[in-house]
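The next block is coords30.pdb, given as PDB, C-alpha atoms.
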```
ATOM      1  CA  MET H   1      -7.570 -12.705  36.377  1.00  0.00           C
ATOM      2  CA  LEU H   2      -9.555 -12.646  33.102  1.00  0.00           C
ATOM      3  CA  GLU H   3     -10.060 -15.860  31.179  1.00  0.00           C
ATOM      4  CA  ASP H   4      -9.576 -16.056  27.414  1.00  0.00           C
ATOM      5  CA  HIS H   5     -12.767 -17.441  25.864  1.00  0.00           C
ATOM      6  CA  THR H   6     -11.926 -16.567  22.258  1.00  0.00           C
ATOM      7  CA  ALA H   7     -10.528 -20.029  21.402  1.00  0.00           C
ATOM      8  CA  ALA H   8     -13.792 -21.706  22.435  1.00  0.00           C
ATOM      9  CA  ALA H   9     -16.042 -19.395  20.398  1.00  0.00           C
ATOM     10  CA  PRO H  10     -17.070 -20.670  16.924  1.00  0.00           C
ATOM     11  CA  PRO H  11     -16.073 -18.412  14.002  1.00  0.00           C
ATOM     12  CA  THR H  12     -18.624 -15.767  13.091  1.00  0.00           C
ATOM     13  CA  PRO H  13     -20.171 -16.466   9.670  1.00  0.00           C
ATOM     14  CA  TRP H  14     -19.370 -13.878   7.009  1.00  0.00           C
ATOM     15  CA  PRO H  15     -22.500 -11.895   6.028  1.00  0.00           C
ATOM     16  CA  ALA H  16     -23.707 -12.830   2.537  1.00  0.00           C
ATOM     17  CA  ALA H  17     -24.172  -9.168   1.569  1.00  0.00           C
ATOM     18  CA  TYR H  18     -20.489  -8.336   2.177  1.00  0.00           C
ATOM     19  CA  PRO H  19     -18.068  -8.195  -0.779  1.00  0.00           C
ATOM     20  CA  GLU H  20     -15.934 -11.263  -1.413  1.00  0.00           C
ATOM     21  CA  GLY H  21     -12.741  -9.222  -1.551  1.00  0.00           C
ATOM     22  CA  TYR H  22     -11.093  -5.849  -1.706  1.00  0.00           C
ATOM     23  CA  ALA H  23      -8.314  -4.009  -3.494  1.00  0.00           C
ATOM     24  CA  VAL H  24      -6.120  -1.694  -1.459  1.00  0.00           C
ATOM     25  CA  VAL H  25      -4.218   0.958  -3.425  1.00  0.00           C
ATOM     26  CA  ASP H  26      -1.164   2.850  -2.151  1.00  0.00           C
ATOM     27  CA  VAL H  27       0.551   5.691  -3.999  1.00  0.00           C
ATOM     28  CA  GLU H  28       3.670   7.502  -2.796  1.00  0.00           C
ATOM     29  CA  THR H  29       4.348  10.972  -4.165  1.00  0.00           C
ATOM     30  CA  THR H  30       6.985  13.695  -4.099  1.00  0.00           C
ATOM     31  CA  GLY H  31       4.605  15.807  -2.004  1.00  0.00           C
ATOM     32  CA  LEU H  32       0.986  16.900  -1.637  1.00  0.00           C
ATOM     33  CA  ALA H  33       0.809  19.849  -4.056  1.00  0.00           C
ATOM     34  CA  ARG H  34      -0.946  19.714  -7.424  1.00  0.00           C
ATOM     35  CA  ASP H  35       2.360  19.704  -9.303  1.00  0.00           C
ATOM     36  CA  ASP H  36       3.926  16.855  -7.292  1.00  0.00           C
ATOM     37  CA  ARG H  37       4.501  13.490  -8.932  1.00  0.00           C
ATOM     38  CA  ILE H  38       4.085   9.781  -8.236  1.00  0.00           C
ATOM     39  CA  VAL H  39       7.156   7.904  -6.943  1.00  0.00           C
ATOM     40  CA  SER H  40       5.610   4.433  -6.448  1.00  0.00           C
ATOM     41  CA  ALA H  41       2.287   2.663  -6.754  1.00  0.00           C
ATOM     42  CA  GLY H  42       1.017  -0.610  -5.352  1.00  0.00           C
ATOM     43  CA  VAL H  43      -2.174  -2.650  -5.264  1.00  0.00           C
ATOM     44  CA  TYR H  44      -2.971  -5.500  -2.861  1.00  0.00           C
ATOM     45  CA  GLN H  45      -5.868  -7.873  -3.551  1.00  0.00           C
ATOM     46  CA  LEU H  46      -7.428  -9.120  -0.306  1.00  0.00           C
ATOM     47  CA  ASP H  47     -10.074 -11.717   0.360  1.00  0.00           C
ATOM     48  CA  ALA H  48     -13.130 -10.865   2.450  1.00  0.00           C
ATOM     49  CA  ARG H  49     -11.260 -11.474   5.705  1.00  0.00           C
ATOM     50  CA  GLY H  50      -8.248  -9.365   4.735  1.00  0.00           C
ATOM     51  CA  GLU H  51      -5.821 -12.106   3.696  1.00  0.00           C
ATOM     52  CA  VAL H  52      -3.523 -11.053   0.824  1.00  0.00           C
ATOM     53  CA  GLN H  53      -4.350 -12.978  -2.363  1.00  0.00           C
ATOM     54  CA  ASP H  54      -2.133 -11.111  -4.827  1.00  0.00           C
ATOM     55  CA  HIS H  55      -0.161  -7.893  -5.104  1.00  0.00           C
ATOM     56  CA  TRP H  56       1.531  -5.579  -7.594  1.00  0.00           C
ATOM     57  CA  TYR H  57       4.086  -2.818  -6.932  1.00  0.00           C
ATOM     58  CA  THR H  58       6.195  -0.551  -9.113  1.00  0.00           C
ATOM     59  CA  LEU H  59       8.579   2.343  -8.737  1.00  0.00           C
ATOM     60  CA  VAL H  60       7.942   5.358 -10.964  1.00  0.00           C
ATOM     61  CA  ASN H  61      10.574   7.845 -12.091  1.00  0.00           C
ATOM     62  CA  PRO H  62       9.238  11.262 -11.007  1.00  0.00           C
ATOM     63  CA  GLU H  63      11.980  12.955 -13.070  1.00  0.00           C
ATOM     64  CA  ARG H  64      12.746  15.167 -10.068  1.00  0.00           C
ATOM     65  CA  ASP H  65      13.708  14.982  -6.390  1.00  0.00           C
ATOM     66  CA  PRO H  66      11.695  12.139  -4.794  1.00  0.00           C
ATOM     67  CA  GLY H  67      10.500  14.388  -1.980  1.00  0.00           C
ATOM     68  CA  PRO H  68       9.880  13.284   1.635  1.00  0.00           C
ATOM     69  CA  VAL H  69      12.282  10.336   1.859  1.00  0.00           C
ATOM     70  CA  TRP H  70      11.671  10.155   5.634  1.00  0.00           C
ATOM     71  CA  ILE H  71       8.050   9.207   4.861  1.00  0.00           C
ATOM     72  CA  HIS H  72       8.277   6.794   1.917  1.00  0.00           C
ATOM     73  CA  GLY H  73      11.960   5.760   2.057  1.00  0.00           C
ATOM     74  CA  LEU H  74      12.379   6.048  -1.724  1.00  0.00           C
ATOM     75  CA  THR H  75      15.612   7.820  -2.633  1.00  0.00           C
ATOM     76  CA  SER H  76      16.952   8.980  -5.974  1.00  0.00           C
ATOM     77  CA  ASP H  77      19.649   6.266  -5.578  1.00  0.00           C
ATOM     78  CA  LEU H  78      17.127   3.582  -6.534  1.00  0.00           C
ATOM     79  CA  SER H  79      17.827   2.564 -10.110  1.00  0.00           C
ATOM     80  CA  LEU H  80      14.255   2.939 -11.383  1.00  0.00           C
ATOM     81  CA  ILE H  81      13.768   6.424 -10.026  1.00  0.00           C
ATOM     82  CA  HIS H  82      17.272   7.755 -10.689  1.00  0.00           C
ATOM     83  CA  ILE H  83      16.994  11.445 -11.481  1.00  0.00           C
ATOM     84  CA  SER H  84      18.671  12.361 -14.735  1.00  0.00           C
ATOM     85  CA  GLU H  85      20.505  15.661 -14.947  1.00  0.00           C
TER      86      GLU H  85
END
```
Can I see the file as structure tokens?
Amino acid sequence: MLEDHTAAAPPTPWPAAYPEGYAVVDVETTGLARDDRIVSAGVYQLDARGEVQDHWYTLVNPERDPGPVWIHGLTSDLSLIHISE
């Protein structure tokens, strides 16, 4: 059987040349064509090791059908993206 030696190993120092943090951006859209629209946008601020430091998220009214609900889960029933007739 294999032994787990990871607990005994000291943490690897973070290289000085690496960035101190990152921003990860996610945008959901009504599709992938040029005329498709944004349905939601989010930004996560991470430290150098990937721990979340802060985040921001918003729904956006695409003023049309929200598109592939099976992918992003955002339906027109959500109050902020309700499609007006």
- Separation of atom CA of Val43 of chain H and atom CA of Gly31 of chain H, in Å?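 Taking atom CA of Val43 of chain H as the start and atom CA of Gly31 of chain H as the end point, the length is 19.9 Å.
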- Could you give me, as a list in words, the residues within 12 Å of Glu51 of chain H, counting all atoms listed in the file and dropping anything in the same chain fewer than 4 positions from it? Glu20, Gly21, Tyr22, Ala23, Val24, Tyr44, Gln45, Leu46, Asp47 and His55 of chain H
- Query: When the PyMOL selection byres ((chain H and resi 62) around 7) is applied to the file above, which residues end up in the set, as an NGL selection string?
  - Reply: :H and (37-39 or 60-61 or 63-64 or 66 or 81)
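Rounded to one decimal, atom CA of Trp56 of chain H and atom CA of Glu28 of chain H lie 14.1 Å from each other.
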- Message: Once the PyMOL selection byres ((chain H and resi 42) around 7) has been evaluated on this model, what residues remain selected, and can you format them as a PyMOL selection string?
- Response: chain H and resi 25-27+40-41+43-44+56-58
- Selection dump of the PyMOL selection byres ((chain H and resi 73) around 12), as a PyMOL selection string: chain H and resi 28-30+39-40+59+66-72+74-78
- Message: Would you compute the distance between atom CA of Leu32 of chain H and atom CA of Asp54 of chain H? Give it in Å to one decimal.
- Response: 28.4 Å
